[in-house]
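Just target_29.txt here, compact mmCIF, C-alpha atoms:
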```txt
# COMPACT_ATOMS: atom_id res chain seq x y z
CA MET A 1 2.17 -23.55 13.86
CA LEU A 2 1.40 -20.36 15.76
CA THR A 3 1.65 -20.45 19.52
CA ALA A 4 -1.28 -19.50 21.73
CA GLU A 5 0.44 -16.20 22.58
CA GLU A 6 0.98 -15.38 18.90
CA LEU A 7 -2.69 -16.02 18.17
CA ARG A 8 -3.63 -13.71 21.05
CA GLN A 9 -1.33 -11.05 19.60
CA ILE A 10 -2.99 -11.35 16.17
CA HIS A 11 -6.45 -11.03 17.76
CA ARG A 12 -5.25 -7.96 19.68
CA LEU A 13 -3.86 -6.47 16.46
CA GLN A 14 -7.12 -7.11 14.59
CA LEU A 15 -9.26 -5.72 17.42
CA GLN A 16 -7.06 -2.64 17.84
CA ALA A 17 -7.14 -1.90 14.12
CA GLY A 18 -10.88 -2.56 13.87
CA ARG A 19 -11.84 -0.34 16.79
CA ARG A 20 -9.68 2.56 15.62
CA VAL A 21 -10.90 2.22 12.03
CA ASP A 22 -14.56 2.09 13.07
CA SER A 23 -14.21 5.17 15.27
CA LEU A 24 -12.28 7.18 12.70
CA PHE A 25 -12.83 6.81 9.00
CA SER A 26 -14.79 4.11 7.22
CA GLY A 27 -16.64 6.80 5.23
CA ASP A 28 -13.41 8.53 4.29
CA TYR A 29 -12.03 5.30 2.88
CA ARG A 30 -14.99 4.88 0.53
CA SER A 31 -15.07 8.51 -0.57
CA ALA A 32 -11.35 8.35 -1.43
CA PHE A 33 -12.08 5.80 -4.17
CA ARG A 34 -15.58 6.72 -5.34
CA GLY A 35 -15.97 6.71 -9.07
CA ARG A 36 -12.60 5.05 -9.60
CA GLY A 37 -13.92 1.69 -10.69
CA MET A 38 -16.13 1.95 -13.78
CA GLU A 39 -17.82 -0.95 -15.52
CA PHE A 40 -19.27 -0.91 -19.05
CA GLU A 41 -23.08 -1.10 -19.08
CA GLU A 42 -24.49 -0.29 -22.55
CA VAL A 43 -24.25 1.85 -25.69
CA ARG A 44 -26.80 4.52 -26.60
CA ALA A 45 -27.26 7.18 -29.26
CA TYR A 46 -25.03 10.20 -28.96
CA VAL A 47 -26.66 13.35 -27.54
CA PRO A 48 -25.03 16.78 -28.04
CA GLY A 49 -23.00 17.54 -24.95
CA ASP A 50 -21.85 13.93 -24.34
CA ASP A 51 -18.15 13.34 -23.76
CA ILE A 52 -16.75 12.46 -27.19
CA ARG A 53 -14.04 10.37 -25.50
CA HIS A 54 -16.75 7.76 -24.80
CA ILE A 55 -17.85 7.35 -28.42
CA ASP A 56 -18.01 3.68 -29.42
CA TRP A 57 -16.32 3.89 -32.80
CA ASN A 58 -17.09 0.27 -33.77
CA VAL A 59 -20.86 0.73 -33.35
CA THR A 60 -20.67 4.20 -34.90
CA ALA A 61 -18.93 2.79 -37.99
CA ARG A 62 -21.50 -0.02 -38.38
CA THR A 63 -24.59 2.18 -38.05
CA GLY A 64 -23.37 5.42 -39.54
CA GLU A 65 -24.69 7.24 -36.45
CA PRO A 66 -22.64 8.22 -33.37
CA PHE A 67 -23.11 6.02 -30.30
CA ILE A 68 -21.76 6.51 -26.75
CA LYS A 69 -20.55 3.92 -24.27
CA GLU A 70 -22.22 4.21 -20.88
CA PHE A 71 -20.56 3.09 -17.67
CA ARG A 72 -21.69 2.57 -14.14
CA GLU A 73 -19.67 2.85 -10.98
CA GLU A 74 -18.49 -0.42 -9.50
CA ARG A 75 -19.71 -0.58 -5.92
CA GLN A 76 -17.30 -3.32 -4.98
CA LEU A 77 -13.61 -2.50 -5.04
CA THR A 78 -10.61 -4.80 -5.26
CA ILE A 79 -8.01 -3.87 -2.65
CA CYS A 80 -4.55 -5.40 -2.79
CA ILE A 81 -2.01 -4.83 -0.03
CA ALA A 82 1.62 -5.03 -1.17
CA LEU A 83 3.65 -5.63 1.99
CA ASP A 84 7.43 -5.17 2.20
CA VAL A 85 8.93 -7.88 4.44
CA SER A 86 12.60 -7.23 3.61
CA GLY A 87 15.34 -6.97 6.22
CA SER A 88 15.24 -3.18 6.51
CA VAL A 89 11.73 -3.15 8.02
CA ARG A 90 12.99 -5.02 11.09
CA PHE A 91 14.47 -1.77 12.36
CA GLY A 92 12.73 0.26 15.02
CA SER A 93 13.70 2.48 17.94
CA GLY A 94 10.56 1.68 19.90
CA GLY A 95 8.05 4.34 18.94
CA ARG A 96 5.56 5.60 21.50
CA ASP A 97 5.09 2.24 23.20
CA GLY A 98 8.75 1.20 23.35
CA ARG A 99 8.25 -1.83 21.11
CA THR A 100 7.27 -0.50 17.67
CA SER A 101 9.46 -1.42 14.72
CA LYS A 102 8.72 -0.53 11.11
CA ALA A 103 7.47 -4.10 10.66
CA LEU A 104 4.94 -3.82 13.50
CA GLN A 105 3.76 -0.44 12.22
CA GLN A 106 3.27 -1.99 8.78
CA ALA A 107 1.29 -4.85 10.35
CA ARG A 108 -1.06 -2.31 11.95
CA ILE A 109 -1.56 -0.57 8.60
CA GLY A 110 -2.19 -3.88 6.82
CA ALA A 111 -4.70 -4.98 9.45
CA ALA A 112 -6.54 -1.66 9.18
CA LEU A 113 -6.75 -1.92 5.38
CA ALA A 114 -8.09 -5.48 5.59
CA HIS A 115 -10.71 -4.38 8.13
CA LEU A 116 -11.75 -1.39 5.99
CA ALA A 117 -12.20 -3.61 2.94
CA THR A 118 -14.31 -6.11 4.88
CA LYS A 119 -16.51 -3.38 6.39
CA SER A 120 -17.11 -1.97 2.90
CA ASN A 121 -17.84 -5.38 1.37
CA ASP A 122 -14.78 -5.10 -0.88
CA ARG A 123 -12.43 -7.83 -2.05
CA VAL A 124 -9.04 -7.76 -0.31
CA GLY A 125 -5.81 -9.54 -1.18
CA LEU A 126 -2.18 -9.51 -0.13
CA VAL A 127 1.23 -9.95 -1.67
CA SER A 128 4.36 -9.94 0.50
CA PHE A 129 7.75 -9.32 -1.07
CA THR A 130 11.48 -8.94 -0.54
CA ASP A 131 13.62 -9.34 -3.67
CA GLU A 132 11.16 -12.12 -4.49
CA VAL A 133 7.41 -12.43 -4.16
CA GLY A 134 6.56 -14.38 -1.02
CA THR A 135 2.95 -15.03 -0.09
CA TYR A 136 0.13 -14.15 -2.48
CA LEU A 137 -3.47 -14.22 -1.30
CA PRO A 138 -5.75 -13.42 -4.28
CA PRO A 139 -8.44 -10.80 -3.51
CA ARG A 140 -11.59 -12.29 -2.03
CA ARG A 141 -14.56 -11.05 -0.05
CA SER A 142 -15.19 -12.80 3.26
CA ARG A 143 -14.41 -12.29 6.91
CA GLY A 144 -12.46 -15.53 6.99
CA HIS A 145 -10.27 -14.36 4.12
CA ALA A 146 -9.72 -10.96 5.79
CA TRP A 147 -8.63 -12.82 8.93
CA GLN A 148 -6.15 -14.79 6.82
CA VAL A 149 -4.77 -11.52 5.45
CA VAL A 150 -4.31 -10.11 8.97
CA ARG A 151 -2.74 -13.34 10.17
CA THR A 152 -0.29 -13.37 7.24
CA VAL A 153 0.59 -9.71 7.81
CA PHE A 154 1.43 -10.55 11.42
CA GLU A 155 3.32 -13.76 10.69
CA HIS A 156 5.40 -12.27 7.87
CA GLN A 157 6.31 -8.92 9.40
CA SER A 158 9.88 -9.45 8.17
CA VAL A 159 11.52 -12.46 6.59
CA GLY A 160 14.77 -10.63 5.74
CA GLY A 161 16.70 -10.12 2.54
CA PRO A 162 16.92 -7.18 0.11
CA THR A 163 14.05 -5.20 -1.44
CA ASP A 164 13.04 -5.41 -5.11
CA LEU A 165 10.02 -3.21 -5.73
CA VAL A 166 10.23 -3.69 -9.50
CA ASN A 167 9.70 -7.43 -9.13
CA ALA A 168 6.66 -6.84 -6.88
CA ILE A 169 5.16 -4.28 -9.29
CA GLU A 170 5.62 -6.58 -12.28
CA PHE A 171 4.03 -9.49 -10.39
CA LEU A 172 1.00 -7.38 -9.47
CA GLY A 173 0.74 -6.22 -13.07
CA ARG A 174 0.40 -9.86 -14.15
CA VAL A 175 -2.08 -11.08 -11.54
CA LEU A 176 -4.41 -8.06 -11.30
CA LYS A 177 -6.46 -8.39 -14.48
CA ARG A 178 -8.89 -5.58 -13.67
CA ARG A 179 -8.41 -2.13 -12.18
CA ALA A 180 -7.67 -2.33 -8.46
CA VAL A 181 -6.72 -0.17 -5.50
CA VAL A 182 -3.16 -1.18 -4.62
CA CYS A 183 -1.70 -0.12 -1.27
CA PHE A 184 2.08 -0.43 -0.96
CA VAL A 185 3.23 -0.64 2.65
CA SER A 186 7.01 -0.30 2.63
CA ASP A 187 9.96 1.85 3.66
CA PHE A 188 10.80 2.16 -0.09
CA LEU A 189 14.51 1.71 0.63
CA ASP A 190 15.38 0.34 -2.79
CA ASP A 191 17.96 1.85 -5.13
CA GLY A 192 16.53 0.06 -8.17
CA PRO A 193 14.52 1.66 -11.00
CA TRP A 194 11.17 1.20 -9.29
CA PRO A 195 9.78 4.70 -10.15
CA GLU A 196 9.99 3.87 -13.85
CA ALA A 197 8.13 0.59 -13.26
CA LEU A 198 5.55 2.23 -11.02
CA ALA A 199 4.51 5.01 -13.42
CA PRO A 200 2.67 2.83 -16.00
CA PHE A 201 1.29 0.62 -13.23
CA ALA A 202 -0.21 3.70 -11.50
CA ARG A 203 -1.94 4.70 -14.73
CA ARG A 204 -3.82 1.41 -14.76
CA HIS A 205 -4.52 1.07 -11.03
CA LYS A 206 -5.24 3.45 -8.15
CA VAL A 207 -2.01 3.27 -6.17
CA ASN A 208 -1.50 4.36 -2.56
CA ALA A 209 1.83 4.26 -0.75
CA PHE A 210 2.45 4.27 2.99
CA VAL A 211 6.13 5.07 3.52
CA VAL A 212 7.00 3.64 6.93
CA HIS A 213 10.13 5.01 8.59
CA ASP A 214 11.86 5.43 11.94
CA PRO A 215 13.20 8.83 13.11
CA ARG A 216 16.44 7.18 14.22
CA GLU A 217 17.22 6.36 10.58
CA ALA A 218 17.54 10.06 9.77
CA GLU A 219 19.76 10.95 12.72
CA LEU A 220 22.07 8.48 14.43
CA PRO A 221 23.28 9.10 17.99
CA ARG A 222 26.79 10.62 18.02
CA LEU A 223 28.84 7.61 19.03
CA GLY A 224 31.90 8.15 16.81
CA LEU A 225 33.01 5.33 14.52
CA VAL A 226 30.63 2.39 14.73
CA GLU A 227 30.56 -0.85 12.75
CA LEU A 228 27.03 -1.45 11.48
CA VAL A 229 25.42 -4.41 9.73
CA ASP A 230 23.32 -3.82 6.59
CA ALA A 231 19.94 -5.37 7.49
CA GLU A 232 19.31 -6.54 3.93
CA THR A 233 22.73 -7.71 2.70
CA GLY A 234 24.51 -8.55 5.95
CA ALA A 235 27.52 -6.45 4.88
CA LEU A 236 29.55 -4.72 7.61
CA ARG A 237 30.13 -0.99 7.29
CA LEU A 238 32.22 1.40 9.38
CA VAL A 239 30.15 4.56 9.91
CA ASP A 240 31.11 7.89 11.46
CA THR A 241 27.89 8.58 13.35
CA ALA A 242 28.85 12.22 13.92
CA ALA A 243 28.78 12.93 10.17
CA ALA A 244 26.34 10.31 8.86
CA LYS A 245 23.31 11.49 6.89
CA HIS A 246 20.58 9.42 5.27
CA SER A 247 21.32 9.12 1.54
CA ASN A 248 17.64 8.50 0.75
CA PRO A 249 15.53 10.76 3.01
CA VAL A 250 11.81 10.24 3.47
CA SER A 251 11.05 13.47 1.60
CA GLY A 252 12.89 12.18 -1.47
CA ARG A 253 10.96 8.91 -1.43
CA LEU A 254 7.64 10.76 -1.11
CA ASN A 255 8.52 13.10 -3.97
CA ALA A 256 9.49 10.17 -6.22
CA LEU A 257 6.16 8.46 -5.52
CA ARG A 258 4.09 11.59 -6.10
CA ARG A 259 5.85 12.29 -9.39
CA MET A 260 4.58 8.88 -10.52
CA GLY A 261 0.98 9.85 -9.73
CA VAL A 262 0.83 7.93 -6.46
CA ALA A 263 -0.98 9.13 -3.33
CA ALA A 264 1.80 8.84 -0.74
CA THR A 265 1.94 9.38 3.03
CA ALA A 266 4.85 8.96 5.44
CA ILE A 267 4.12 7.12 8.69
CA ALA A 268 6.81 7.08 11.38
CA THR A 269 7.11 4.45 14.10
CA THR A 270 6.33 7.27 16.54
CA ASP A 271 3.03 8.14 14.77
CA ASP A 272 -0.48 6.88 15.42
CA PRO A 273 -0.77 4.95 12.11
CA PHE A 274 -4.57 5.14 12.04
CA GLU A 275 -4.60 8.94 12.36
CA ARG A 276 -2.05 9.19 9.55
CA MET A 277 -4.14 6.87 7.36
CA LEU A 278 -7.21 9.01 8.05
CA GLY A 279 -5.37 12.07 6.76
CA HIS A 280 -4.23 10.10 3.71
CA PHE A 281 -7.74 9.05 2.69
CA ARG A 282 -9.18 12.52 3.29
CA ARG A 283 -6.53 14.08 1.04
CA SER A 284 -7.23 11.44 -1.61
CA ALA A 285 -10.94 12.23 -1.48
CA ARG A 286 -10.30 15.98 -1.87
CA ASN A 287 -7.89 15.43 -4.75
CA GLY A 288 -10.33 13.18 -6.61
```

Rewritten as structure tokens:
Amino acid sequence: MLTAEELRQIHRLQLQAGRRVDSLFSGDYRSAFRGRGMEFEEVRAYVPGDDIRHIDWNVTARTGEPFIKEFREERQLTICIALDVSGSVRFGSGGRDGRTSKALQQARIGAALAHLATKSNDRVGLVSFTDEVGTYLPPRRSRGHAWQVVRTVFEHQSVGGPTDLVNAIEFLGRVLKRRAVVCFVSDFLDDGPWPEALAPFARRHKVNAFVVHDPREAELPRLGLVELVDAETGALRLVDTAAAKHSNPVSGRLNALRRMGVAATAIATTDDPFERMLGHFRRSARNG
């Protein structure tokens, strides 16, 4: 059971996200995905100039005359938030307010996405994952369900353990039967073959990635030899902080995502996450 203070924190998170979203970019969110969801409506006779890729070959073969499939834009989207709750997202050097970890920054992003979906009358769902799939809330459209998504994002900011993006991608591939907008919120610190799994998934769904990171991960303070604990495996490692460099920099993670056809944006714990999301959706709208 949540304590009274935890419930107050969730309400504050939801209100903060809602106010910032409403003042910034509800229109940009919709324009980023316009025309992405298309639903079959009818077939009609081919007219010179029609896109031949839409020819219905079954009807054409039966009638001996060319026919075209017509589609209409789906006004209601399905949004699914894929939230990384592995051990590595517990890290944070405080951000601008002195208390922001990667997990809290991810919670803000998740709450904003849930609010955007509700404002636009879209279905929203959530899957949390480590090396296993944790909570799955199937996409639905209601304020009560959006509240449940925000509450789950807050409650499950980090449950610990390693990251397995491939397992999460494969799970989403099984449960999302129709084209959806999938938003991965993760630090993407996973050495597994997730780019290979993500490429075919991104051809079927519109995939967005918010790569959450902390500046301290890229540059440790010069403290000499320090024994550190791996947040995901618990293994102890002796690190020379004067020479240590991140083996998987943010730029490399962004490049890997973009090569797979994913719209990707880095959000640091020192950033205003809502401003960074606004830039993400505006770029997506421009890029079609």

Considering only C-alpha atoms, tabulate each residue of region 132-208 of chain A that lies at most 9 Å from region 260-280 of chain A along with its nearest interatomic pair and the corresponding distance in Å to one decimal; arrange the rows by chain and ascending residue number and present them as JSON lines.
```
{"residue": "A:Asp187", "atom": "CA", "partner": "A:Ala266", "partner_atom": "CA", "distance": 8.9}
{"residue": "A:Pro195", "atom": "CA", "partner": "A:Met260", "partner_atom": "CA", "distance": 6.7}
{"residue": "A:Glu196", "atom": "CA", "partner": "A:Met260", "partner_atom": "CA", "distance": 8.1}
{"residue": "A:Leu198", "atom": "CA", "partner": "A:Met260", "partner_atom": "CA", "distance": 6.7}
{"residue": "A:Ala199", "atom": "CA", "partner": "A:Met260", "partner_atom": "CA", "distance": 4.8}
{"residue": "A:Pro200", "atom": "CA", "partner": "A:Met260", "partner_atom": "CA", "distance": 8.4}
{"residue": "A:Ala202", "atom": "CA", "partner": "A:Gly261", "partner_atom": "CA", "distance": 6.5}
{"residue": "A:Arg203", "atom": "CA", "partner": "A:Gly261", "partner_atom": "CA", "distance": 7.7}
{"residue": "A:Lys206", "atom": "CA", "partner": "A:Val262", "partner_atom": "CA", "distance": 7.7}
{"residue": "A:Val207", "atom": "CA", "partner": "A:Val262", "partner_atom": "CA", "distance": 5.5}
{"residue": "A:Asn208", "atom": "CA", "partner": "A:Ala263", "partner_atom": "CA", "distance": 4.9}
```

Any chance you can output those residues with C-alpha atoms as a PDB file, keeping the file's coordinate frame?
```pdb
ATOM      1  CA  ASP A 187       9.960   1.850   3.660  1.00  0.00           C
ATOM      2  CA  PRO A 195       9.780   4.700 -10.150  1.00  0.00           C
ATOM      3  CA  GLU A 196       9.990   3.870 -13.850  1.00  0.00           C
ATOM      4  CA  LEU A 198       5.550   2.230 -11.020  1.00  0.00           C
ATOM      5  CA  ALA A 199       4.510   5.010 -13.420  1.00  0.00           C
ATOM      6  CA  PRO A 200       2.670   2.830 -16.000  1.00  0.00           C
ATOM      7  CA  ALA A 202      -0.210   3.700 -11.500  1.00  0.00           C
ATOM      8  CA  ARG A 203      -1.940   4.700 -14.730  1.00  0.00           C
ATOM      9  CA  LYS A 206      -5.240   3.450  -8.150  1.00  0.00           C
ATOM     10  CA  VAL A 207      -2.010   3.270  -6.170  1.00  0.00           C
ATOM     11  CA  ASN A 208      -1.500   4.360  -2.560  1.00  0.00           C
TER      12      ASN A 208
END
```

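CA of Gln106 (chain A) to CA of Phe129 (chain A) spans 13.1 Å [interatomic distance, one decimal].
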
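Here CA of Asp191 (chain A) and CA of Leu257 (chain A) stand 13.5 Å from one another.
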
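Proximity of A:Val212, A:Leu104, A:Leu113, A:Val133 to Gly161 (chain A), computed with only C-alpha atoms, is greatest for A:Val133.
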
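You will find CA of Pro215 (chain A) at 13.1 Å from CA of Val89 (chain A).
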
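Considering the residues A:Arg178, A:Arg53, A:Arg283, A:Arg44 and counting all atoms listed in the file, Pro66 (chain A) has its shortest atom-to-atom contact with A:Arg44.
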
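With all atoms listed in the file as the atoms that count, the minimum distance from Val250 (chain A) to the choices A:Leu126, A:Val149, A:Val211, A:Phe281 is reached by A:Val211.
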
Exercise. Looking at A:Gln16, A:Ser31, A:Ser86, A:Gln9, which one is nearest to Ala285 (chain A), with distances taken over only C-alpha atoms?
Worked result: A:Ser31

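Closest approach to Tyr46 (chain A) among A:Pro162, A:Gly87, A:Gly64, A:Gly92 is made by A:Gly64 (distances from only C-alpha atoms).
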
Exercise. Smallest atom-to-atom distance to Asp122 (chain A): which of A:Arg62, A:Leu7, A:Val181, A:Glu170, using all atoms listed in the file?
Worked result: A:Val181

Report as CSV: every residue of region 32-110 of chain A with an atom at most 12 Å from region 139-148 of chain A, its closest pair of atoms, and their distance in Å to one decimal, counting all atoms listed in the file, with rows sorted by chain and ascending residue number.
```
residue,atom,partner,partner_atom,distance
A:Gln76,CA,A:Arg141,CA,9.6
A:Leu77,CA,A:Pro139,CA,9.9
A:Thr78,CA,A:Pro139,CA,6.6
A:Ile79,CA,A:Pro139,CA,7.0
A:Cys80,CA,A:Pro139,CA,6.7
A:Ile81,CA,A:Pro139,CA,9.4
A:Ala82,CA,A:Pro139,CA,11.8
A:Gly110,CA,A:Ala146,CA,10.4
```

Output file for the selection above: C-alpha atoms, as a PDB file, in the frame of the given file:
```
ATOM      1  CA  GLN A  76     -17.300  -3.320  -4.980  1.00  0.00           C
ATOM      2  CA  LEU A  77     -13.610  -2.500  -5.040  1.00  0.00           C
ATOM      3  CA  THR A  78     -10.610  -4.800  -5.260  1.00  0.00           C
ATOM      4  CA  ILE A  79      -8.010  -3.870  -2.650  1.00  0.00           C
ATOM      5  CA  CYS A  80      -4.550  -5.400  -2.790  1.00  0.00           C
ATOM      6  CA  ILE A  81      -2.010  -4.830  -0.030  1.00  0.00           C
ATOM      7  CA  ALA A  82       1.620  -5.030  -1.170  1.00  0.00           C
ATOM      8  CA  GLY A 110      -2.190  -3.880   6.820  1.00  0.00           C
TER       9      GLY A 110
END
```

For this session: Please provide as a ChimeraX atom specification all residues within 12 Å of Asp22 (chain A), with the sequence filter that same-chain residues fewer than 6 positions apart are discarded (counting only C-alpha atoms).
Result: /A:14-16,28-29,112-113,115-120,274,278

Any chance you can output those residues with C-alpha atoms as a tab-separated table (two decimals), in the coordinates of the input?
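See again.tsv below for the written result:
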```tsv
chain	number	residue	atom	x	y	z
A	14	GLN	CA	-7.12	-7.11	14.59
A	15	LEU	CA	-9.26	-5.72	17.42
A	16	GLN	CA	-7.06	-2.64	17.84
A	28	ASP	CA	-13.41	8.53	4.29
A	29	TYR	CA	-12.03	5.30	2.88
A	112	ALA	CA	-6.54	-1.66	9.18
A	113	LEU	CA	-6.75	-1.92	5.38
A	115	HIS	CA	-10.71	-4.38	8.13
A	116	LEU	CA	-11.75	-1.39	5.99
A	117	ALA	CA	-12.20	-3.61	2.94
A	118	THR	CA	-14.31	-6.11	4.88
A	119	LYS	CA	-16.51	-3.38	6.39
A	120	SER	CA	-17.11	-1.97	2.90
A	274	PHE	CA	-4.57	5.14	12.04
A	278	LEU	CA	-7.21	9.01	8.05
```

Padding of 4 Å on every side, edges along x, y and z, all listed atoms of region 151-160 of chain A included: what centre and edge lengths in Å, to one decimal, does that box have, as lines of an AutoDock Vina configuration file?
```
center_x = 6.0
center_y = -11.3
center_z = 8.6
size_x = 25.5
size_y = 12.8
size_z = 13.7
```
